Amino acid sequence: MTEMTFADAVREGLAEELRRDPLVWALGEDLSTAHGGTSANQYVGLIDEFGPKRIVNTPISENTIMGAAVGAAVAGTRPVADLRMADFGMCAVDELVNQAAKIRYMFGGQARVPLVVRQAIGVRKGAAAQHSQSTEAWYVHTPGLVVVAPGTPADGRGLLKSAIRADDPVVYMEHKDLWLASGDVPDDEGVVPIGVAKTVREGSDLTIVSWSKMARLCEEVADTLAGDGVSVDVIDLRTLWPWDKDAVYASVCKTGRLLVAQEAVQVGGFAAEIATDVTENCFDALKTHARRIGAPRMPVPYAEPMENEFRVTPERIIARARELLAA
Amino acid sequence: MTEMTFADAVREGLAEELRRDPLVWALGEDLSTAHGGTSANQYVGLIDEFGPKRIVNTPISENTIMGAAVGAAVAGTRPVADLRMADFGMCAVDELVNQAAKIRYMFGGQARVPLVVRQAIGVRKGAAAQHSQSTEAWYVHTPGLVVVAPGTPADGRGLLKSAIRADDPVVYMEHKDLWLASGDVPDDEGVVPIGVAKTVREGSDLTIVSWSKMARLCEEVADTLAGDGVSVDVIDLRTLWPWDKDAVYASVCKTGRLLVAQEAVQVGGFAAEIATDVTENCFDALKTHARRIGAPRMPVPYAEPMENEFRVTPERIIARARELLAA
Amino acid sequence: MSNENDTQRTNEPARIFELYKTMCLIRAFEERSEDEFDAGFINGSIHQYIGEEAIGTGVCANLRDTDYILSNHRGHGHSIAKGADPESMMKELMGRVGGTSGAKGGSMHIADFSVGMLGANGVLADGLTMGVGAAQAICLRGVDAIVTVFVGDGTTNRGPFYEALNWAMVYELPILFVCENNGYASSTVTRSITAGEGPVARAKAFGMPAFDVDGNDVNAVDALAADLIARVRGGGGPHFLHARTYRVKGHISRDKMLYRPEGETEERFKDEPIGRCAAWLIANGFEEAEIVSARDAAYAQIDAAVAAAKDASFPNKNLAYADVQDFGPPEPWQQDGGAA
Amino acid sequence: MSNENDTQRTNEPARIFELYKTMCLIRAFEERSEDEFDAGFINGSIHQYIGEEAIGTGVCANLRDTDYILSNHRGHGHSIAKGADPESMMKELMGRVGGTSGAKGGSMHIADFSVGMLGANGVLADGLTMGVGAAQAICLRGVDAIVTVFVGDGTTNRGPFYEALNWAMVYELPILFVCENNGYASSTVTRSITAGEGPVARAKAFGMPAFDVDGNDVNAVDALAADLIARVRGGGGPHFLHARTYRVKGHISRDKMLYRPEGETEERFKDEPIGRCAAWLIANGFEEAEIVSARDAAYAQIDAAVAAAKDASFPNKNLAYADVQDFGPPEPWQQDGGAA
Ligand SMILES: Cc1ncc(C[n+]2csc(CCOP(=O)(O)OP(=O)(O)O)c2C)c(N)n1
Ligand SMILES: Cc1ncc(C[n+]2csc(CCOP(=O)(O)OP(=O)(O)O)c2C)c(N)n1
Ligand SMILES: [Mg+2]
Ligand SMILES: [Mg+2]
């Protein structure tokens, strides 16, 4: 195990895949001239080892970053397209959803689209309305796509590897606030399989399902609740589609109580899917109905007191958990 | 009351608004040269009365159709932008979500964005993967947007009027299969308020919530189930955000059973939101857990036998309803 | 149809006769599909290539099987010209077993990857951005191939078109852009919504060599395409071929063309490429009878394709659940025994 | 700062002295915001306009309060030049009550609709498509106003830029496009990702009159802008102004510019517009002391703005729930007494 930041771990993972398979390459804005503070940080130095044909600095052309990745995947390579933020990803929804997600299907299996598209999610302090969105629910709702949202350096690296090796298009959503967060990363290959959740706290009274940065907050929540004598199973989904139903069902059967916590706007979010699915499939095991928590349905405001109103904080999760435990 | 098609009723409604308010205008591809078989049909003849400054035939430039509508709304007019299909709407998600939905908020109320964006949804026979998508769930999940999905000619006309008069950006999603469907349209102004559902069948055993074309299928379902002695409340939501919680809660309190039916892909769809919300708010009234039904998570295939596998048919809804009633 | 012999000189009568046959095959395919559409055997919409056959034919005659093309909504002609089997295509249009895309795509998603035809497309301009990516893949893999992308005149007003032109130049990609200027974008006269001198001037603004040709003259298209494709293949970077033509039929087969001035179609049809090519062939030593029998053979081939398609069965409904993705099942209907 | 008197001749020393003051105000604003950012009083990111002041200043001096501008991520200078109050702007950056956008937007969403500044923008190129729409609204409403949109060199590779150029020409809209070519797109040298001769050639390909100017020479910018804006206002349709400049600072204030050749910044800074303008003013009859005191006044004004911003309170958290939309509540937190 080596301790490193999320950004470093993911860069390592990418470098390892670039070394392993000459058909892997990366494209995006500023990838080979990287400077601090953006996802581009995760490419620092790669140009020296892999050259400008595999670490491609692109024009500011989101449609083409995504579209070219699709074309290049169809034509036999494994591109990793970086759209920097899910907010800019909106400029390329068409290429992702109408093309990448459908090509295998609508051409009857004649082609595969093995690409990874990175689009970071989450609120970063002061980033405001257009640089803070979490859109994972859109892509879970989109047939043809795999969606991953790793929440630790090890998972960031390990899931990037799986994403690159997958023959499906994978939407890789990292949280901007995690880039500088540190954690232990295995010294071996450390591949993390797609579709497998991780139980990061074990407990018997309540199941909390979450992902990305929110899973880290839920660990805090579990620790706090442990002080009250409440023992919580915290499941970090890591992959949102296909999500690990077995792990969640098993936990809910054990605890009988489910809370799903997400950073995204609550209305229409992915938490509703999990709550509904679990209700449909584990109804008899539930001691009370499933709950979820997510942000108010509003854009992300700039000033801190207002921004905090958008945030799903540990305190808010705890309040919801207590309500659930009392029911 | 006059019987007319959805397309005609909506064209009438638009013409009436164009007459009422000189700041209303429409833009989109082929609007002034309309030919049969597309949403452009709904503009036939308007150019003659309102001229090319108000019925604007645009270049094939989806980003700008949407972006220009936003700019024109901010600058004091009320544009109706037609993107033809939700699938092409994906080419303008950025302008809709990053700009239209956020401008009022991120500029602290300095501006309003009174626009309507039409993007038709739904499977039309043989239209296949890129011309059949139903993406209402994305926009319900997007703060700042109103989402309407009328399912009758009268609602099509009446909600278009409300959408045009609203100061919020409104995503107006009509179903392609309804364009040629007929229905009674009131001879008066016939404004249909945003946020108010319509109970289209009254019953006491089961609540079925739906919208758009699916609400019509649910009427059939209710009629069939009536033959079995099951009496069904069918609620046509008409507006998806804000959806009429009062109407749904009241119905569920009466029937104790909820089924939500949608045409869109089930996973991550809007039905999950309704099921979760109702479960959270009317749990004690529920005799069994809420159910939902939606399409398999796959692109829409072309050939009929496969296409039918995508469809949420009355038979499938009935099967789900019976399962629910038996629980 | 691919042609392995790149050094063969263009405009030789024997070669043009081959192009003539390809054009006839496309024309027959389009006419018969309209009939079958009207008869209810084809669902959705079909966008026909009638009157534009010389472009796809002249261009693809200079491509190899290993070269890629990316098409748009009007993809039947490009497919046939690139060598796709018309019978499998007709099965696709009729939604039958044996369709090029397993009956999952239909007309708007016609594709035959085995001959480098990477697909028609229901979203305008997306073939362009995908095309530059395919060209980048070619470079990365170090294979000897080029990419050709077809784009309509109306589509040159979509932003991705410019992004793709710039991108192609920045990375000096082996790609040929072919703009088929048929005067219309659906029901709209393209000039009425297009500023400046048009596609050639726009391409040149990106430093891309751009050339104009009479798109109804298959000899001229073939000759120019041969030249430009040789340059692209030789490492000369992206090139732009602008072909002037006319959309003889409606935008889709159902289109009544109420927006079109009376007589325009008939007037412009006089210039259609197959008749012109036939006249050239006769002037260059072919017998009328040879030409007629070539045309008849094309129609016979398509009639046989139609018959075979009608004979083919519809796909099993459970195939709907195949080829969605490796990870995560499509969650088929449980209650009526959908696929496992 | 708006100037109601359009007939005033450009390049009069008194006028240039006013422009000088505006440029100093922008510079002072940018320098002080960097300090306050570093001190932790400003969150998020700030994109500074240092070294580019002559463009926004020279252009906006020829606009009226009733004209609209649309900006991009680098919007502080445009706002001040258009007449926004620096104190309210500083409050916005610091997230305080009294901020131009009620502290909801911060630097990247700086806007002052009362002076026709319709907003900075966090998404590149979106101001362009919105700008043509605003110009269409002007025509529909029949008001006497024009639109100016600012766009960076890097952004000219995004598709919507071309759509907007074409659109503006098709509808002959009253709009001026101003391309601020500062040589960089974040950490990338824009030329390295841009094909052809650049923005002017690209604009011309759409038939748009396009002109190039030394963007560090406020006299030249002012004169060209006066000319082009008069043409736009006079019904001459869209025009394109390409201003060459240099981004003296990092892309954002935190940017260490490790990608930039050593000495480049210092060398290029010699050409910065405020020093050049000061020299011109002295050569045209102004006293050094007048110039120094004008600059000092600008810094004093901004220092006062900073002080006032620090004195202002933070907005009540419940304001977060205001101005989302009329229909449908944001569903605020119930459990901790959020807004009603
Ligand atoms: C992004 C997008 N916008 C709109 C459409 C609808 N549409 C299909 S074809 C077409 C006209 C295309 O015109 P052109 O590019 O000239 O090609 P042509 O049909 O003339 O071959 C339109 C508007 C679409 N398929 N995709
Ligand atoms: C659509 C989109 N893509 C990427 C970004 C990230 N980004 C912000 S500014 C910038 C560089 C812009 O360069 P240029 O247009 O030259 O403007 P400058 O910063 O030089 O003023 C980038 C890539 C963004 N904000 N929006
Ligand atoms: Mg055309
Ligand atoms: Mg720049």
# chains A, B, ... in the order shown; residues from 1 in each chain; ligands from 1
$ residues_near_ligand --ligand "ligand 4" --cutoff "6 Å" --atoms "only C-alpha atoms and all ligand atoms" --output "CSV table (one decimal) with C-alpha atoms, in the first residue's frame"
chain,number,residue,atom,x,y,z
D,152,GLY,CA,-11.6,34.4,-26.6
D,153,ASP,CA,-9.3,33.0,-29.2
D,154,GLY,CA,-9.4,29.5,-27.8
D,181,ASN,CA,-6.8,37.0,-29.0
D,182,ASN,CA,-4.5,36.7,-26.0
D,183,GLY,CA,-2.5,33.8,-27.4
D,184,TYR,CA,-3.6,31.3,-24.9
D,185,ALA,CA,-6.5,28.9,-24.1
$ interface_residues --of "chain A" --to "chain C" --cutoff "9 Å" --atoms "only C-alpha atoms" --output "VMD selection string"
chain A and resid 22 to 23 25 53 to 54 58 to 78 94 to 95 98 to 99 101 to 111 143 to 146 166 to 169 194 to 195 241 to 243
$ write_last_selection --atoms "N, CA and C atoms" --output "short mmCIF file (atom, residue, chain, number, x, y, z; two decimals), in the first residue's frame"
data_model
loop_
_atom_site.label_atom_id
_atom_site.label_comp_id
_atom_site.auth_asym_id
_atom_site.auth_seq_id
_atom_site.Cartn_x
_atom_site.Cartn_y
_atom_site.Cartn_z
N PRO A 22 -1.10 -0.51 -26.18
CA PRO A 22 -0.76 0.62 -27.06
C PRO A 22 -1.98 1.24 -27.74
N LEU A 23 -3.14 0.60 -27.60
CA LEU A 23 -4.34 1.17 -28.22
C LEU A 23 -5.06 2.14 -27.28
N TRP A 25 -5.38 5.59 -25.37
CA TRP A 25 -4.87 6.97 -25.49
C TRP A 25 -5.85 7.91 -24.80
N LYS A 53 0.81 11.80 -29.59
CA LYS A 53 -0.22 11.02 -30.31
C LYS A 53 -1.10 10.25 -29.33
N ARG A 54 -0.61 10.10 -28.10
CA ARG A 54 -1.39 9.32 -27.12
C ARG A 54 -1.87 10.17 -25.95
N THR A 58 -6.33 18.82 -27.04
CA THR A 58 -7.31 19.11 -28.09
C THR A 58 -7.69 20.58 -28.14
N PRO A 59 -8.25 20.99 -29.27
CA PRO A 59 -8.92 22.28 -29.32
C PRO A 59 -10.09 22.29 -28.33
N ILE A 60 -10.59 23.46 -28.02
CA ILE A 60 -11.78 23.58 -27.19
C ILE A 60 -12.97 23.24 -28.09
N SER A 61 -13.29 21.98 -28.14
CA SER A 61 -14.28 21.45 -29.08
C SER A 61 -14.92 20.23 -28.43
N GLU A 62 -15.80 20.48 -27.48
CA GLU A 62 -16.37 19.37 -26.70
C GLU A 62 -17.09 18.36 -27.58
N ASN A 63 -17.85 18.84 -28.58
CA ASN A 63 -18.54 17.89 -29.45
C ASN A 63 -17.55 16.92 -30.07
N THR A 64 -16.41 17.46 -30.46
CA THR A 64 -15.45 16.62 -31.17
C THR A 64 -14.60 15.80 -30.22
N ILE A 65 -14.35 16.29 -29.04
CA ILE A 65 -13.64 15.45 -28.07
C ILE A 65 -14.45 14.17 -27.88
N MET A 66 -15.74 14.35 -27.67
CA MET A 66 -16.59 13.18 -27.45
C MET A 66 -16.79 12.40 -28.75
N GLY A 67 -17.11 13.11 -29.82
CA GLY A 67 -17.38 12.45 -31.09
C GLY A 67 -16.15 11.71 -31.60
N ALA A 68 -14.98 12.33 -31.50
CA ALA A 68 -13.76 11.68 -31.96
C ALA A 68 -13.47 10.45 -31.13
N ALA A 69 -13.74 10.54 -29.85
CA ALA A 69 -13.53 9.36 -29.00
C ALA A 69 -14.42 8.21 -29.47
N VAL A 70 -15.65 8.53 -29.82
CA VAL A 70 -16.56 7.48 -30.30
C VAL A 70 -16.01 6.88 -31.60
N GLY A 71 -15.66 7.75 -32.52
CA GLY A 71 -15.14 7.27 -33.81
C GLY A 71 -13.88 6.45 -33.64
N ALA A 72 -13.02 6.90 -32.75
CA ALA A 72 -11.76 6.19 -32.54
C ALA A 72 -11.98 4.86 -31.83
N ALA A 73 -12.99 4.80 -30.99
CA ALA A 73 -13.30 3.54 -30.32
C ALA A 73 -13.85 2.54 -31.33
N VAL A 74 -14.76 3.01 -32.16
CA VAL A 74 -15.33 2.16 -33.19
C VAL A 74 -14.22 1.65 -34.12
N ALA A 75 -13.23 2.50 -34.35
CA ALA A 75 -12.16 2.15 -35.26
C ALA A 75 -10.99 1.45 -34.57
N GLY A 76 -11.26 0.84 -33.42
CA GLY A 76 -10.28 -0.10 -32.89
C GLY A 76 -9.33 0.39 -31.83
N THR A 77 -9.55 1.58 -31.28
CA THR A 77 -8.67 2.02 -30.19
C THR A 77 -9.50 2.19 -28.92
N ARG A 78 -8.83 2.55 -27.83
CA ARG A 78 -9.51 2.69 -26.53
C ARG A 78 -9.24 4.07 -25.96
N ASP A 94 -25.08 14.74 -26.74
CA ASP A 94 -25.52 14.08 -27.97
C ASP A 94 -24.56 12.98 -28.39
N GLU A 95 -23.30 13.30 -28.49
CA GLU A 95 -22.32 12.32 -28.95
C GLU A 95 -22.24 11.14 -28.00
N ASN A 98 -26.48 9.71 -27.97
CA ASN A 98 -27.01 9.28 -29.26
C ASN A 98 -26.05 8.38 -30.03
N GLN A 99 -24.76 8.54 -29.77
CA GLN A 99 -23.80 7.73 -30.53
C GLN A 99 -23.15 6.65 -29.65
N ALA A 101 -23.56 5.41 -26.77
CA ALA A 101 -24.41 4.48 -26.05
C ALA A 101 -25.19 3.56 -26.98
N LYS A 102 -25.37 3.96 -28.24
CA LYS A 102 -26.29 3.22 -29.11
C LYS A 102 -25.62 2.47 -30.25
N ILE A 103 -24.38 2.78 -30.55
CA ILE A 103 -23.77 2.24 -31.77
C ILE A 103 -23.77 0.72 -31.79
N ARG A 104 -23.33 0.11 -30.71
CA ARG A 104 -23.31 -1.36 -30.70
C ARG A 104 -24.71 -1.89 -31.02
N TYR A 105 -25.68 -1.32 -30.37
CA TYR A 105 -27.05 -1.82 -30.49
C TYR A 105 -27.64 -1.55 -31.87
N MET A 106 -27.59 -0.30 -32.29
CA MET A 106 -28.34 0.04 -33.50
C MET A 106 -27.67 -0.51 -34.76
N PHE A 107 -26.42 -0.87 -34.65
CA PHE A 107 -25.77 -1.55 -35.77
C PHE A 107 -25.74 -3.07 -35.55
N GLY A 108 -26.55 -3.54 -34.65
CA GLY A 108 -26.73 -4.97 -34.48
C GLY A 108 -25.47 -5.71 -34.06
N GLY A 109 -24.63 -5.04 -33.27
CA GLY A 109 -23.45 -5.72 -32.77
C GLY A 109 -22.27 -5.69 -33.71
N GLN A 110 -22.37 -4.95 -34.80
CA GLN A 110 -21.23 -4.88 -35.72
C GLN A 110 -20.03 -4.18 -35.11
N ALA A 111 -20.27 -3.30 -34.14
CA ALA A 111 -19.17 -2.53 -33.58
C ALA A 111 -19.28 -2.48 -32.06
N PRO A 143 -29.61 3.80 -21.59
CA PRO A 143 -29.18 2.45 -21.98
C PRO A 143 -27.89 2.49 -22.79
N GLY A 144 -27.04 1.52 -22.55
CA GLY A 144 -25.79 1.45 -23.31
C GLY A 144 -24.60 1.96 -22.54
N LEU A 145 -24.85 2.73 -21.49
CA LEU A 145 -23.74 3.31 -20.74
C LEU A 145 -23.51 2.58 -19.43
N VAL A 146 -22.23 2.51 -19.05
CA VAL A 146 -21.83 2.12 -17.71
C VAL A 146 -21.47 3.41 -16.98
N ALA A 166 -12.98 -2.26 -20.34
CA ALA A 166 -14.34 -2.65 -20.71
C ALA A 166 -14.59 -2.35 -22.18
N ASP A 167 -15.44 -3.15 -22.80
CA ASP A 167 -15.82 -2.89 -24.19
C ASP A 167 -17.06 -2.00 -24.29
N ASP A 168 -17.64 -1.67 -23.16
CA ASP A 168 -18.77 -0.72 -23.15
C ASP A 168 -18.24 0.70 -22.96
N PRO A 169 -18.99 1.69 -23.43
CA PRO A 169 -18.64 3.07 -23.06
C PRO A 169 -18.90 3.30 -21.57
N ILE A 194 -16.02 -3.59 -12.23
CA ILE A 194 -17.25 -2.82 -12.45
C ILE A 194 -18.42 -3.58 -11.82
N GLY A 195 -19.29 -2.83 -11.16
CA GLY A 195 -20.52 -3.44 -10.66
C GLY A 195 -20.43 -4.05 -9.28
N TRP A 241 -24.13 2.15 -12.57
CA TRP A 241 -24.76 1.19 -13.45
C TRP A 241 -23.72 0.27 -14.02
N PRO A 242 -23.85 -1.03 -13.84
CA PRO A 242 -24.88 -1.68 -13.02
C PRO A 242 -24.52 -1.61 -11.54
N TRP A 243 -25.47 -1.18 -10.74
CA TRP A 243 -25.18 -1.09 -9.29
C TRP A 243 -25.33 -2.46 -8.66
#
$ interface_residues --of "chain D" --to "chain C" --cutoff "10 Å" --atoms "only C-alpha atoms" --output "MDAnalysis selection string"
chainID D and resid 156:172 191:208
$ write_last_selection --atoms "C-alpha atoms" --output "PDB file, in the first residue's frame"
ATOM      1  CA  THR D 156     -13.191  30.123 -31.694  1.00  0.00           C
ATOM      2  CA  ASN D 157     -12.688  26.370 -32.001  1.00  0.00           C
ATOM      3  CA  ARG D 158     -16.056  25.605 -30.427  1.00  0.00           C
ATOM      4  CA  GLY D 159     -18.849  24.878 -32.875  1.00  0.00           C
ATOM      5  CA  PRO D 160     -21.385  27.380 -31.526  1.00  0.00           C
ATOM      6  CA  PHE D 161     -19.047  30.205 -32.574  1.00  0.00           C
ATOM      7  CA  TYR D 162     -19.656  29.342 -36.238  1.00  0.00           C
ATOM      8  CA  GLU D 163     -23.331  28.771 -35.801  1.00  0.00           C
ATOM      9  CA  ALA D 164     -23.595  32.221 -34.284  1.00  0.00           C
ATOM     10  CA  LEU D 165     -21.614  33.873 -37.095  1.00  0.00           C
ATOM     11  CA  ASN D 166     -23.802  32.263 -39.720  1.00  0.00           C
ATOM     12  CA  TRP D 167     -26.974  33.040 -37.819  1.00  0.00           C
ATOM     13  CA  ALA D 168     -26.062  36.685 -37.350  1.00  0.00           C
ATOM     14  CA  MET D 169     -25.437  37.068 -41.077  1.00  0.00           C
ATOM     15  CA  VAL D 170     -28.577  35.207 -42.128  1.00  0.00           C
ATOM     16  CA  TYR D 171     -30.803  37.527 -40.095  1.00  0.00           C
ATOM     17  CA  GLU D 172     -28.582  40.611 -40.604  1.00  0.00           C
ATOM     18  CA  ARG D 191      -2.110  28.481 -32.400  1.00  0.00           C
ATOM     19  CA  SER D 192      -1.154  24.910 -31.621  1.00  0.00           C
ATOM     20  CA  ILE D 193      -4.794  23.850 -31.754  1.00  0.00           C
ATOM     21  CA  THR D 194      -6.096  26.254 -34.386  1.00  0.00           C
ATOM     22  CA  ALA D 195      -5.891  25.655 -38.121  1.00  0.00           C
ATOM     23  CA  GLY D 196      -5.720  28.200 -40.898  1.00  0.00           C
ATOM     24  CA  GLU D 197      -5.179  31.910 -40.652  1.00  0.00           C
ATOM     25  CA  GLY D 198      -7.353  32.401 -37.621  1.00  0.00           C
ATOM     26  CA  PRO D 199     -10.477  34.215 -36.510  1.00  0.00           C
ATOM     27  CA  VAL D 200     -10.553  36.956 -39.163  1.00  0.00           C
ATOM     28  CA  ALA D 201     -10.363  34.507 -42.039  1.00  0.00           C
ATOM     29  CA  ARG D 202     -12.981  32.355 -40.398  1.00  0.00           C
ATOM     30  CA  ALA D 203     -15.393  35.246 -39.929  1.00  0.00           C
ATOM     31  CA  LYS D 204     -14.876  36.365 -43.513  1.00  0.00           C
ATOM     32  CA  ALA D 205     -15.830  32.911 -44.741  1.00  0.00           C
ATOM     33  CA  PHE D 206     -19.323  33.721 -43.548  1.00  0.00           C
ATOM     34  CA  GLY D 207     -19.301  36.952 -45.503  1.00  0.00           C
ATOM     35  CA  MET D 208     -18.860  38.966 -42.340  1.00  0.00           C
TER      36      MET D 208
END
$ select_by_dssp --residues "region 191-269 of chain C" --states "strand (DSSP E or B)" --output "VMD selection string"
chain C and resid 210 to 214 239 to 244
$ atom_distance --atom1 "atom 9 (S, counted along the ligand's line) of ligand 1" --atom2 "CA of Val170 (chain B)"
25.9 Å
$ decode --residues "region 124-157 of chain D" --atoms "C-alpha atoms" --output "CSV table (one decimal), in the first residue's frame"
chain,number,residue,atom,x,y,z
D,124,LEU,CA,-17.3,28.9,-23.4
D,125,ALA,CA,-19.1,30.2,-26.5
D,126,ASP,CA,-22.6,30.3,-25.0
D,127,GLY,CA,-22.5,34.1,-24.9
D,128,LEU,CA,-22.3,34.0,-28.7
D,129,THR,CA,-25.5,32.0,-29.3
D,130,MET,CA,-27.3,34.0,-26.6
D,131,GLY,CA,-26.0,37.2,-28.2
D,132,VAL,CA,-27.5,36.6,-31.6
D,133,GLY,CA,-30.8,35.8,-29.8
D,134,ALA,CA,-30.6,39.1,-27.9
D,135,ALA,CA,-30.0,40.9,-31.2
D,136,GLN,CA,-33.1,39.2,-32.6
D,137,ALA,CA,-35.1,40.4,-29.6
D,138,ILE,CA,-33.9,43.9,-30.3
D,139,CYS,CA,-35.2,43.6,-33.9
D,140,LEU,CA,-38.5,42.1,-32.8
D,141,ARG,CA,-39.0,44.8,-30.2
D,142,GLY,CA,-37.9,47.5,-32.6
D,143,VAL,CA,-35.7,49.2,-30.0
D,144,ASP,CA,-32.6,51.2,-31.0
D,145,ALA,CA,-29.7,49.1,-29.6
D,146,ILE,CA,-27.0,46.7,-30.5
D,147,VAL,CA,-25.3,43.7,-29.0
D,148,THR,CA,-21.6,43.1,-28.5
D,149,VAL,CA,-20.2,39.7,-27.7
D,150,PHE,CA,-16.7,39.1,-26.4
D,151,VAL,CA,-15.0,35.8,-27.2
D,152,GLY,CA,-11.6,34.4,-26.6
D,153,ASP,CA,-9.3,33.0,-29.2
D,154,GLY,CA,-9.4,29.5,-27.8
D,155,THR,CA,-13.2,29.6,-27.9
D,156,THR,CA,-13.2,30.1,-31.7
D,157,ASN,CA,-12.7,26.4,-32.0
